[in-house]
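Data block for my_file-v3.cif (mmCIF, C-alpha atoms and all ligand atoms):
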data_upload
#
loop_
_atom_site.label_atom_id
_atom_site.label_comp_id
_atom_site.auth_asym_id
_atom_site.auth_seq_id
_atom_site.Cartn_x
_atom_site.Cartn_y
_atom_site.Cartn_z
CA MET A 1 9.83 -7.46 9.32
CA LYS A 2 9.40 -11.21 8.80
CA THR A 3 6.55 -11.00 6.35
CA THR A 4 7.61 -9.92 2.88
CA PHE A 5 5.15 -8.00 0.82
CA GLU A 6 4.58 -8.11 -2.87
CA ARG A 7 6.08 -4.95 -4.39
CA PHE A 8 4.30 -2.73 -6.83
CA ASP A 9 5.50 -3.39 -10.38
CA MET A 10 6.72 0.06 -11.39
CA LYS A 11 8.11 -1.21 -14.69
CA LYS A 12 4.88 -2.41 -16.29
CA ALA A 13 4.48 -0.56 -19.60
CA PRO A 14 1.75 2.09 -19.75
CA ILE A 15 -1.16 1.30 -22.04
CA PRO A 16 -3.44 3.67 -23.90
CA THR A 17 -6.71 4.23 -22.01
CA ARG A 18 -8.98 1.27 -22.75
CA PHE A 19 -11.56 2.38 -25.31
CA TYR A 20 -14.48 1.31 -23.08
CA LEU A 21 -13.18 3.41 -20.19
CA ARG A 22 -12.72 6.63 -22.12
CA PRO A 23 -16.40 7.66 -21.87
CA LEU A 24 -16.07 6.97 -18.13
CA THR A 25 -13.18 9.44 -17.78
CA TRP A 26 -15.35 12.03 -19.50
CA VAL A 27 -18.40 11.28 -17.39
CA LEU A 28 -16.28 11.59 -14.24
CA SER A 29 -14.70 14.85 -15.38
CA ILE A 30 -16.96 17.03 -17.47
CA PRO A 31 -19.87 17.62 -15.00
CA ASP A 32 -17.52 19.07 -12.38
CA THR A 33 -15.96 21.47 -14.87
CA LEU A 34 -19.49 22.55 -15.84
CA LYS A 35 -20.40 23.05 -12.17
CA HIS A 36 -17.39 25.35 -11.78
CA GLN A 37 -18.11 26.95 -15.20
CA THR A 38 -14.46 26.38 -16.09
CA ILE A 39 -13.18 28.70 -18.82
CA ILE A 40 -10.41 27.11 -20.88
CA ARG A 41 -8.35 29.62 -22.86
CA ARG A 42 -6.37 28.14 -25.73
CA HIS A 43 -3.09 29.75 -26.78
CA GLY A 44 -1.72 28.03 -29.88
CA THR A 45 -3.36 24.75 -28.88
CA GLU A 46 -6.40 25.08 -31.14
CA GLY A 47 -6.53 21.89 -33.18
CA LEU A 48 -3.33 20.54 -31.62
CA LYS A 49 -3.01 16.77 -32.05
CA PRO A 50 -1.07 14.31 -29.89
CA PRO A 51 1.55 13.23 -29.18
CA TYR A 52 2.68 16.01 -26.88
CA VAL A 53 3.87 16.57 -23.31
CA LEU A 54 1.33 18.23 -21.05
CA LEU A 55 2.71 19.96 -17.95
CA CYS A 56 0.08 21.01 -15.41
CA ASN A 57 0.06 22.86 -12.10
CA HIS A 58 -1.28 20.95 -9.14
CA ASN A 59 -3.80 22.24 -6.61
CA ALA A 60 -6.68 19.80 -6.35
CA PHE A 61 -8.26 16.74 -7.91
CA LEU A 62 -10.21 19.11 -10.18
CA ASP A 63 -6.91 19.59 -12.08
CA PHE A 64 -7.32 16.14 -13.68
CA LYS A 65 -10.90 16.85 -14.65
CA VAL A 66 -10.07 20.14 -16.35
CA ALA A 67 -7.15 18.45 -18.14
CA THR A 68 -9.49 15.72 -19.42
CA ARG A 69 -11.77 18.40 -20.85
CA ALA A 70 -8.94 20.53 -22.28
CA ILE A 71 -7.49 17.63 -24.28
CA TYR A 72 -10.88 16.21 -25.34
CA PRO A 73 -11.37 14.08 -27.42
CA HIS A 74 -7.77 12.86 -27.07
CA ARG A 75 -6.44 10.60 -24.37
CA ALA A 76 -3.54 11.01 -21.96
CA ASN A 77 -1.35 8.91 -19.73
CA TYR A 78 -1.00 10.61 -16.36
CA VAL A 79 1.96 10.22 -14.05
CA VAL A 80 0.40 9.52 -10.65
CA ALA A 81 2.02 8.92 -7.26
CA ILE A 82 1.54 5.44 -5.84
CA ASP A 83 -0.49 6.95 -2.98
CA GLY A 84 -3.14 7.79 -5.56
CA PHE A 85 -3.28 4.14 -6.65
CA ILE A 86 -4.32 2.68 -3.30
CA GLY A 87 -7.06 0.11 -3.78
CA ARG A 88 -7.66 0.97 -7.42
CA GLU A 89 -4.53 -0.16 -9.22
CA TRP A 90 -6.49 -2.07 -11.84
CA LEU A 91 -8.59 0.93 -12.80
CA LEU A 92 -5.66 3.34 -12.89
CA ARG A 93 -3.63 0.94 -15.04
CA GLU A 94 -6.55 0.50 -17.41
CA VAL A 95 -7.04 4.24 -17.87
CA GLY A 96 -3.30 4.44 -18.58
CA CYS A 97 -1.82 5.99 -15.43
CA ILE A 98 1.88 5.64 -14.79
CA CYS A 99 2.91 5.08 -11.20
CA LYS A 100 5.81 6.86 -9.53
CA ARG A 101 7.03 7.31 -5.99
CA LYS A 102 7.29 11.00 -5.16
CA PHE A 103 10.63 12.80 -5.31
CA THR A 104 12.64 9.78 -6.41
CA ASN A 105 14.90 9.74 -9.48
CA ASP A 106 13.26 7.09 -11.52
CA LEU A 107 14.77 6.17 -14.89
CA THR A 108 11.90 3.76 -15.55
CA LEU A 109 9.61 6.77 -15.77
CA VAL A 110 11.54 8.23 -18.70
CA ARG A 111 11.23 4.95 -20.57
CA GLN A 112 7.50 4.84 -19.88
CA LEU A 113 6.97 8.41 -21.07
CA ARG A 114 8.82 7.59 -24.31
CA GLN A 115 6.40 4.70 -24.77
CA VAL A 116 3.42 7.02 -24.31
CA VAL A 117 4.76 9.36 -26.98
CA LYS A 118 5.44 6.38 -29.27
CA ASN A 119 1.81 5.30 -28.77
CA GLY A 120 0.85 8.73 -30.15
CA ASP A 121 -0.69 9.85 -26.85
CA ILE A 122 -0.36 12.74 -24.41
CA ALA A 123 2.14 12.40 -21.55
CA ALA A 124 0.60 14.38 -18.68
CA ILE A 125 2.92 15.34 -15.84
CA TYR A 126 2.38 17.39 -12.68
CA PRO A 127 5.98 18.50 -12.23
CA GLU A 128 5.41 20.23 -8.89
CA ALA A 129 4.82 16.66 -7.67
CA ARG A 130 2.64 17.75 -4.78
CA TYR A 131 -0.38 19.89 -4.16
CA SER A 132 0.42 23.54 -3.66
CA LEU A 133 0.14 24.44 0.06
CA CYS A 134 -1.10 28.00 -0.41
CA GLY A 135 -1.99 28.35 -4.07
CA THR A 136 1.37 29.46 -5.39
CA THR A 137 3.99 27.76 -7.57
CA ALA A 138 6.13 25.02 -6.05
CA VAL A 139 9.70 24.38 -7.13
CA LEU A 140 10.12 22.50 -10.45
CA PRO A 141 12.70 19.76 -11.09
CA ALA A 142 15.61 21.03 -13.21
CA SER A 143 15.54 17.73 -15.12
CA LEU A 144 12.35 18.86 -16.87
CA GLY A 145 14.02 20.74 -19.75
CA LYS A 146 16.13 17.72 -20.59
CA LEU A 147 13.12 15.42 -20.38
CA CYS A 148 11.19 17.61 -22.84
CA LYS A 149 14.09 17.54 -25.29
CA LEU A 150 14.40 13.79 -24.95
CA LEU A 151 10.72 13.21 -25.71
CA GLY A 152 10.98 15.51 -28.75
CA VAL A 153 7.26 16.30 -29.03
CA PRO A 154 5.45 19.65 -28.52
CA VAL A 155 5.46 21.00 -24.96
CA VAL A 156 2.12 22.24 -23.68
CA THR A 157 1.22 23.75 -20.29
CA LEU A 158 -2.12 23.73 -18.52
CA ILE A 159 -2.20 26.25 -15.70
CA CYS A 160 -5.44 26.23 -13.72
CA HIS A 161 -6.68 29.11 -11.60
CA GLY A 162 -9.15 28.91 -8.73
CA HIS A 163 -8.63 25.27 -7.81
CA HIS A 164 -6.70 26.07 -4.64
CA VAL A 165 -9.08 28.71 -3.31
CA ASN A 166 -11.99 26.43 -4.22
CA SER A 167 -10.59 23.47 -2.29
CA PRO A 168 -7.39 24.32 -0.42
CA PHE A 169 -5.08 21.48 0.52
CA TRP A 170 -5.58 22.37 4.20
CA ASN A 171 -9.38 22.10 4.06
CA LEU A 172 -10.70 20.29 1.02
CA HIS A 173 -14.36 21.33 1.33
CA ASP A 174 -15.54 22.42 -2.14
CA ARG A 175 -16.38 26.13 -1.88
CA GLY A 176 -18.18 26.22 -5.26
CA VAL A 177 -15.86 28.82 -6.79
CA LYS A 178 -16.92 29.83 -10.30
CA PRO A 179 -15.90 30.47 -12.92
CA THR A 180 -12.51 28.80 -12.59
CA GLU A 181 -10.04 29.39 -15.39
CA ALA A 182 -7.32 27.49 -17.20
CA ASP A 183 -4.66 28.51 -19.71
CA PHE A 184 -3.87 25.78 -22.22
CA THR A 185 -0.72 26.95 -23.97
CA LEU A 186 1.62 25.61 -26.63
CA LEU A 187 5.07 26.48 -25.30
CA TYR A 188 7.22 24.74 -27.91
CA THR A 189 6.53 23.00 -31.19
CA ALA A 190 8.71 19.95 -31.90
CA GLU A 191 10.85 22.09 -34.26
CA GLU A 192 11.32 24.94 -31.75
CA LEU A 193 12.27 22.38 -29.13
CA LYS A 194 15.24 21.20 -31.21
CA GLU A 195 16.64 24.75 -31.26
CA ALA A 196 16.15 25.40 -27.52
CA SER A 197 18.62 24.37 -24.83
CA ALA A 198 17.44 22.49 -21.74
CA ASP A 199 18.17 25.62 -19.67
CA GLU A 200 16.08 27.84 -21.95
CA ILE A 201 13.20 25.38 -21.70
CA ASN A 202 13.45 25.38 -17.92
CA ASP A 203 13.44 29.20 -17.79
CA ARG A 204 10.31 29.34 -19.90
CA LEU A 205 8.61 26.65 -17.84
CA VAL A 206 9.34 28.50 -14.59
CA GLN A 207 7.81 31.60 -16.16
CA ALA A 208 4.77 29.71 -17.43
CA PHE A 209 4.23 28.16 -14.00
CA GLN A 210 3.97 31.45 -12.11
CA TYR A 211 0.56 31.56 -10.48
CA ASP A 212 -1.01 32.89 -7.32
CA ASP A 213 -4.52 31.71 -6.65
CA HIS A 214 -5.16 34.25 -3.87
CA ALA A 215 -4.15 37.17 -6.10
CA TRP A 216 -6.35 35.67 -8.82
CA GLN A 217 -9.32 35.51 -6.44
CA LYS A 218 -8.90 39.16 -5.43
CA GLU A 219 -8.50 40.35 -9.02
CA ARG A 220 -11.64 38.54 -10.04
CA GLY A 221 -13.54 39.68 -6.94
CA ILE A 222 -14.66 36.13 -6.21
CA ARG A 223 -16.36 35.85 -2.81
CA ILE A 224 -16.22 32.70 -0.70
CA THR A 225 -19.01 32.71 1.83
CA TYR A 226 -18.32 29.25 3.30
CA PRO A 227 -18.78 29.89 7.06
CA ARG A 228 -15.85 27.60 8.05
CA ARG A 229 -13.47 28.91 5.40
CA ALA A 230 -10.54 29.57 7.80
CA GLU A 231 -10.62 26.15 9.47
CA GLY A 232 -7.33 24.36 8.82
CA LEU A 233 -5.39 27.45 7.75
CA GLN A 234 -3.09 27.04 10.78
CA LYS A 235 -1.66 23.94 9.05
CA VAL A 236 0.07 26.28 6.58
CA LEU A 237 0.37 29.38 8.78
CA TYR A 238 1.95 27.62 11.78
CA GLN A 239 3.92 30.60 13.09
CA CYS A 240 2.43 33.72 14.68
CA PRO A 241 3.80 36.93 13.14
CA ALA A 242 2.79 38.92 16.24
CA CYS A 243 4.65 36.94 18.93
CA GLY A 244 6.82 34.67 16.75
CA ARG A 245 5.73 31.44 18.45
CA GLU A 246 5.38 28.32 16.32
CA TYR A 247 2.75 25.55 16.62
CA ARG A 248 0.29 27.67 18.63
CA MET A 249 -1.96 28.78 15.78
CA ALA A 250 -5.58 27.63 15.65
CA SER A 251 -8.72 28.37 13.68
CA GLU A 252 -12.46 28.42 14.02
CA GLU A 253 -15.05 29.27 11.38
CA THR A 254 -13.73 32.44 9.65
CA ARG A 255 -11.06 33.20 12.27
CA LEU A 256 -7.38 32.35 12.65
CA PHE A 257 -5.82 32.97 16.05
CA CYS A 258 -2.71 32.49 18.17
CA ARG A 259 -3.16 30.51 21.39
CA GLU A 260 0.05 32.05 22.74
CA CYS A 261 -0.58 35.79 22.47
CA GLY A 262 -4.29 35.76 21.62
CA LYS A 263 -4.04 37.77 18.41
CA ARG A 264 -6.90 37.10 15.97
CA TRP A 265 -7.34 37.52 12.24
CA GLU A 266 -10.43 37.26 10.07
CA LEU A 267 -10.29 35.54 6.68
CA THR A 268 -12.50 37.75 4.52
CA GLU A 269 -14.75 36.51 1.74
CA LEU A 270 -12.11 37.73 -0.73
CA GLY A 271 -9.47 35.54 0.93
CA GLU A 272 -7.58 38.34 2.69
CA LEU A 273 -6.52 38.29 6.32
CA ARG A 274 -7.43 41.18 8.58
CA ALA A 275 -6.24 41.56 12.18
CA GLU A 276 -9.10 42.14 14.61
CA ASN A 277 -6.85 44.37 16.71
CA GLY A 278 -3.73 46.26 15.75
CA GLU A 279 -1.59 45.85 12.68
CA THR A 280 -2.37 43.33 9.94
CA GLU A 281 1.07 41.79 9.44
CA PHE A 282 0.13 39.95 6.24
CA SER A 283 -3.16 40.34 4.42
CA HIS A 284 -1.97 38.03 1.61
CA ILE A 285 -1.65 34.38 2.74
CA PRO A 286 1.34 33.57 0.46
CA ASP A 287 3.27 36.51 2.01
CA TRP A 288 2.83 35.00 5.49
CA TYR A 289 4.00 31.63 4.13
CA GLU A 290 7.09 33.21 2.52
CA TRP A 291 7.86 34.95 5.82
CA GLU A 292 7.85 31.54 7.51
CA ARG A 293 10.15 30.24 4.78
CA ALA A 294 12.56 33.15 5.38
CA ASN A 295 12.65 32.26 9.09
CA VAL A 296 13.42 28.63 8.28
CA ARG A 297 16.12 29.76 5.82
CA ARG A 298 17.76 31.73 8.63
CA GLU A 299 17.76 28.68 10.94
CA VAL A 300 19.37 26.66 8.14
CA ALA A 301 21.94 29.38 7.37
CA GLU A 302 22.89 29.51 11.04
CA GLY A 303 23.17 25.72 11.16
CA ARG A 304 20.64 25.36 13.98
CA TYR A 305 17.63 23.87 12.19
CA SER A 306 16.37 20.78 14.03
CA THR A 307 13.00 19.34 14.94
CA GLY A 308 14.58 17.43 17.79
CA GLU A 309 13.65 13.76 18.20
CA LEU A 310 9.91 13.30 17.57
CA PRO A 311 7.91 10.17 18.44
CA VAL A 312 6.31 8.81 15.24
CA THR A 313 4.09 6.06 13.91
CA VAL A 314 5.26 4.75 10.52
CA ASP A 315 3.04 3.22 7.83
CA SER A 316 4.52 1.63 4.73
CA LEU A 317 3.10 1.29 1.23
CA PRO A 318 5.07 -1.47 -0.54
CA ASN A 319 2.28 -2.01 -3.07
CA ALA A 320 -0.88 -0.16 -4.01
CA LYS A 321 -3.24 -2.35 -1.96
CA ARG A 322 -3.11 -0.75 1.45
CA PHE A 323 -0.85 0.80 4.04
CA ILE A 324 0.85 -1.58 6.45
CA ARG A 325 1.66 -0.49 9.98
CA LEU A 326 5.45 -0.70 10.21
CA GLY A 327 5.67 0.34 13.85
CA GLU A 328 6.66 3.04 16.31
CA GLY A 329 9.87 5.02 16.08
CA THR A 330 11.49 8.42 16.03
CA LEU A 331 11.98 11.10 13.41
CA ILE A 332 14.68 13.74 13.38
CA HIS A 333 14.79 16.39 10.70
CA ASP A 334 17.88 18.54 11.01
CA MET A 335 20.92 19.82 9.11
CA ASN A 336 21.62 16.21 8.00
CA GLY A 337 18.16 15.67 6.49
CA PHE A 338 15.63 13.08 7.64
CA THR A 339 16.48 10.22 9.99
CA VAL A 340 13.69 7.74 10.78
CA ARG A 341 14.34 4.79 13.07
CA GLY A 342 12.14 2.38 14.90
CA THR A 343 11.16 -1.16 15.73
CA ASP A 344 8.52 -3.03 13.77
CA VAL A 345 5.76 -5.28 15.06
CA ASP A 346 8.09 -8.31 14.99
CA GLY A 347 10.71 -6.48 17.04
CA ASP A 348 13.04 -5.93 14.07
CA PRO A 349 14.64 -2.53 13.57
CA PHE A 350 13.75 -0.29 10.61
CA GLU A 351 15.51 2.79 9.33
CA MET A 352 15.30 5.33 6.51
CA LEU A 353 17.85 8.08 5.99
CA LYS A 354 17.24 10.88 3.54
CA PRO A 355 20.35 13.04 3.47
CA VAL A 356 19.97 16.64 2.28
CA PRO A 357 21.44 16.15 -1.26
CA SER A 358 18.95 13.33 -1.97
CA LEU A 359 15.77 15.37 -1.56
CA TYR A 360 14.93 18.83 -2.96
CA SER A 361 11.35 18.84 -1.67
CA CYS A 362 8.94 16.54 0.09
CA HIS A 363 5.30 15.66 0.12
CA ILE A 364 3.27 16.17 3.26
CA GLU A 365 -0.34 15.44 4.18
CA TYR A 366 -2.67 17.26 6.55
CA GLU A 367 -5.10 15.06 8.52
CA TYR A 368 -4.52 12.20 6.10
CA LEU A 369 -7.83 10.52 5.23
CA GLY A 370 -9.38 12.54 8.00
CA LYS A 371 -8.27 10.20 10.79
CA HIS A 372 -4.51 9.79 10.81
CA GLY A 373 -3.24 13.32 11.47
CA ASP A 374 -0.44 15.17 9.67
CA CYS A 375 2.43 13.29 8.10
CA VAL A 376 5.59 13.44 6.04
CA ASP A 377 5.84 11.14 3.04
CA LEU A 378 9.34 9.75 2.36
CA ASN A 379 10.15 7.40 -0.49
CA THR A 380 12.74 5.01 -1.81
CA LEU A 381 12.29 3.42 -5.25
CA GLU A 382 10.70 0.38 -3.57
CA ASP A 383 8.79 1.84 -0.68
CA THR A 384 6.75 4.78 0.55
CA TRP A 385 6.57 5.67 4.22
CA TYR A 386 3.93 7.86 5.79
CA ILE A 387 5.43 9.15 9.01
CA TYR A 388 3.07 10.53 11.64
CA PRO A 389 4.59 12.52 14.52
CA HIS A 390 2.42 12.42 17.63
CA ASP A 391 2.30 13.76 21.18
CA CYS A 392 4.73 16.60 20.40
CA ASP A 393 4.90 20.09 18.89
CA PHE A 394 5.63 19.96 15.18
CA SER A 395 4.61 21.27 11.79
CA VAL A 396 4.93 19.18 8.64
CA THR A 397 4.73 22.46 6.69
CA LYS A 398 7.89 23.64 8.40
CA MET A 399 9.58 20.32 7.54
CA ALA A 400 8.60 20.74 3.88
CA LEU A 401 9.96 24.30 3.83
CA ALA A 402 13.14 23.16 5.59
CA THR A 403 13.66 20.30 3.09
CA GLU A 404 13.77 22.87 0.27
CA GLU A 405 15.86 25.41 2.14
CA LEU A 406 18.38 22.74 3.24
CA TYR A 407 18.69 21.61 -0.36
CA PHE A 408 19.16 25.17 -1.69
CA ALA A 409 21.81 25.84 0.97
CA TYR A 410 23.61 22.59 0.08
CA ARG A 411 23.68 23.56 -3.62
CA GLU A 412 25.09 26.98 -2.71
CA LYS A 413 27.75 25.30 -0.64
CA ILE A 414 28.96 23.03 -3.45
CA GLY A 415 29.09 26.02 -5.83
CA ARG A 416 26.13 24.94 -7.96
CA PRO A 417 23.31 27.17 -6.70
CA CYS A 418 19.77 26.41 -7.88
CA LYS A 419 18.20 28.87 -10.27
CA PRO A 420 15.04 30.54 -8.92
CA GLY A 421 12.07 28.19 -9.13
CA LEU A 422 14.18 25.13 -10.00
CA ALA A 423 15.90 22.39 -8.05
ZN ZN A 501 1.06 34.96 18.85
#
Would you put the structure from the file into structure tokens?
Amino acid sequence: MKTTFERFDMKKAPIPTRFYLRPLTWVLSIPDTLKHQTIIRRHGTEGLKPPYVLLCNHNAFLDFKVATRAIYPHRANYVVAIDGFIGREWLLREVGCICKRKFTNDLTLVRQLRQVVKNGDIAAIYPEARYSLCGTTAVLPASLGKLCKLLGVPVVTLICHGHHVNSPFWNLHDRGVKPTEADFTLLYTAEELKEASADEINDRLVQAFQYDDHAWQKERGIRITYPRRAEGLQKVLYQCPACGREYRMASEETRLFCRECGKRWELTELGELRAENGETEFSHIPDWYEWERANVRREVAEGRYSTGELPVTVDSLPNAKRFIRLGEGTLIHDMNGFTVRGTDVDGDPFEMLKPVPSLYSCHIEYEYLGKHGDCVDLNTLEDTWYIYPHDCDFSVTKMALATEELYFAYREKIGRPCKPGLA
């Protein structure tokens, strides 16, 4: 491309939230937690003072609001993906957010987090690095244990419950779930941290991060009466367990159905699936999702995973101002990882390769901003590409699952298998 764009300055030091903006963060956060009657349970965090590291699970924007209330009256610096900065860089900088590009190894980030701790503030991280697709734990980076040791301050987790079922990633409509819950737990004091190895810390974090929002909903007997509650569910459940076909699932109001074989399921008020005719293959949404993952794993194990060549539109985000249309191209996701190639508006070629070892997971979007459709988000340290397949059969969910399964298989192959829940 002939035009060069100003790049986002990732190295700018984080600042403590400006004093005049702190009431604003409260005003923006507290009312929503009251609306959802959020219950915050404290485990060893009563009277805890910063600095500390705060590790949170990630299901919806409400996560930030509950965190703001849990740490009140203290302030935090949040690690936020550049996508979240679009058009509001000034504000996010002023409230102390730290910008990162998703799933990149960024040494600058470590330096910035050390600065936060030195400022005496809370370093808030969402280590799953993406919204959960069906309300269960996503894989955590194995670098986390080491990072905690390096920062040398208490390690605290904030695990929220109900945020996914309230506003699932595949259909963000707020279902008014209440009460939602959060566990605010001191995992390690600074002294205990010195004694623990990075591996031990990782094991405890994986344990602390176990959650299942659908199971939580059932246990609590929380009913969701939203009449269009199943709409969008086919984004996650893209494969029919009755006939096995992919990309033929659809939804309407409270029903999920397969356009290939015609099988239909109802999503009950308690969030369970029930077949209208015949056997209910999976009543629990995460079980269906894990079945899809197992199918992808088999394709990877047999060396035959490939999306084929998909036509795509590529948008680039060099800075936090706005997306720039890069151009049309093709995407292949296969045993070699991601290959994106195309020609930009000036007729120059563009290319991004993401080989399997370079990516343990990836961020996807469903119906991005309600007008662009589904996309895969791939990053280098300098750029973020939103890649939109069009006019073909595909599922970005399957690509996300395949990214993880390809990575796990690669680690097996080199004799350094990933531990469960870590990558
Ligand atoms: Zn079917």
Write as a ChimeraX atom specification the residues around ligand ZN 501 (chain A), taking 8 Å as the cut-off and counting all atoms listed in the file.
/A:239-245,248-249,257-263
As a ChimeraX atom specification, please: the residues near Ala70 in chain A (cut-off 12 Å, all atoms listed in the file, same-chain neighbours under 2 positions excluded).
/A:26,29-30,33,38-43,45-48,54,56,63-68,72-76,122,124,156-160,181-185
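Closest approach to Gly87 in chain A among A:Val356, A:Ala402, A:Ala250, A:Ala320: A:Ala320, based on only C-alpha atoms.
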Using all atoms listed in the file, which protein or nucleic acid residues come within 12 Å of Pro154 in chain A? Drop anything in the same chain fewer than 2 positions from it, and give the result as a VMD selection string.
chain A and resid 44 to 45 48 to 55 117 120 to 123 147 to 152 156 to 157 185 to 194 201
So that I can check the surroundings of Leu381 in chain A, please list as a short mmCIF file (atom, residue, chain, number, x, y, z; two decimals) with C-alpha atoms, in the frame of the given file every protein, DNA and RNA residue that reaches within 8 Å of it, counting only C-alpha atoms and ignoring chain neighbours fewer than 6 positions away.
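Final output, result.cif:
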data_model
loop_
_atom_site.label_atom_id
_atom_site.label_comp_id
_atom_site.auth_asym_id
_atom_site.auth_seq_id
_atom_site.Cartn_x
_atom_site.Cartn_y
_atom_site.Cartn_z
CA ARG A 101 7.03 7.31 -5.99
CA THR A 104 12.64 9.78 -6.41
CA ASP A 106 13.26 7.09 -11.52
#
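Excluding Glu89 in chain A itself and any same-chain residue fewer than 5 positions from it, the protein and nucleic acid residues within 9 Å of it, counting only C-alpha atoms, are Ile82, Gly84, Glu94, Ala320 and Lys321 of chain A.
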Those same residues, written as a PDB file, in the coordinates of the input with C-alpha atoms?
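Final file, again.pdb:
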ATOM      1  CA  ILE A  82       1.540   5.440  -5.840  1.00  0.00           C
ATOM      2  CA  GLY A  84      -3.140   7.790  -5.560  1.00  0.00           C
ATOM      3  CA  GLU A  94      -6.550   0.500 -17.410  1.00  0.00           C
ATOM      4  CA  ALA A 320      -0.880  -0.160  -4.010  1.00  0.00           C
ATOM      5  CA  LYS A 321      -3.240  -2.350  -1.960  1.00  0.00           C
TER       6      LYS A 321
END
Residues near Phe5 in chain A, cut-off 12 Å, all atoms listed in the file, skip fewer than 5 positions along chain, as a ChimeraX atom specification
/A:316-324,326,382-383
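Residue nearest Ile332 in chain A within the list A:Glu292, A:Asp348, A:Glu309, A:Glu279: A:Glu309 [criterion: smallest interatomic distance, only C-alpha atoms].
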8 Å per side around range 205-215 of chain A: axis-aligned box centre and edge lengths, as JSON:
{"center_x": 2.1, "center_y": 31.9, "center_z": -10.9, "size_x": 30.5, "size_y": 26.5, "size_z": 30.0}
Between A:Asp374, A:Asp315, A:Asp213, A:Asp334, which residue has the minimum interatomic distance to Phe350 in chain A, considering all atoms listed in the file?
A:Asp315
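Distance cut-off 7 Å, centre (14.3, 28.1, -3.9), atoms counted all atoms listed in the file; the residues meeting this are Val139, Glu404, Glu405, Phe408, Cys418, Pro420, Gly421 and Leu422 of chain A.
Using all atoms listed in the file for every distance, the candidate list A:Arg264, A:Lys100, A:Arg298, A:His284 yields A:Lys100 as the residue closest to Asn379 in chain A.
For the pair CA of Ser167 in chain A and CA of Ala423 in chain A, the separation is 27.1 Å.
With distances restricted to only C-alpha atoms, A:Lys35 is the closest residue to Val177 in chain A from A:Lys413, A:Arg228, A:Lys35, A:Lys235.
Across the structure, CA of Tyr247 in chain A and CA of Asp344 in chain A are spaced 29.3 Å apart.
Compared by their closest atoms to Arg325 in chain A, and using all atoms listed in the file, the residues A:Asn277, A:Ser306, A:Thr384, A:Asn295 rank with A:Thr384 nearest.
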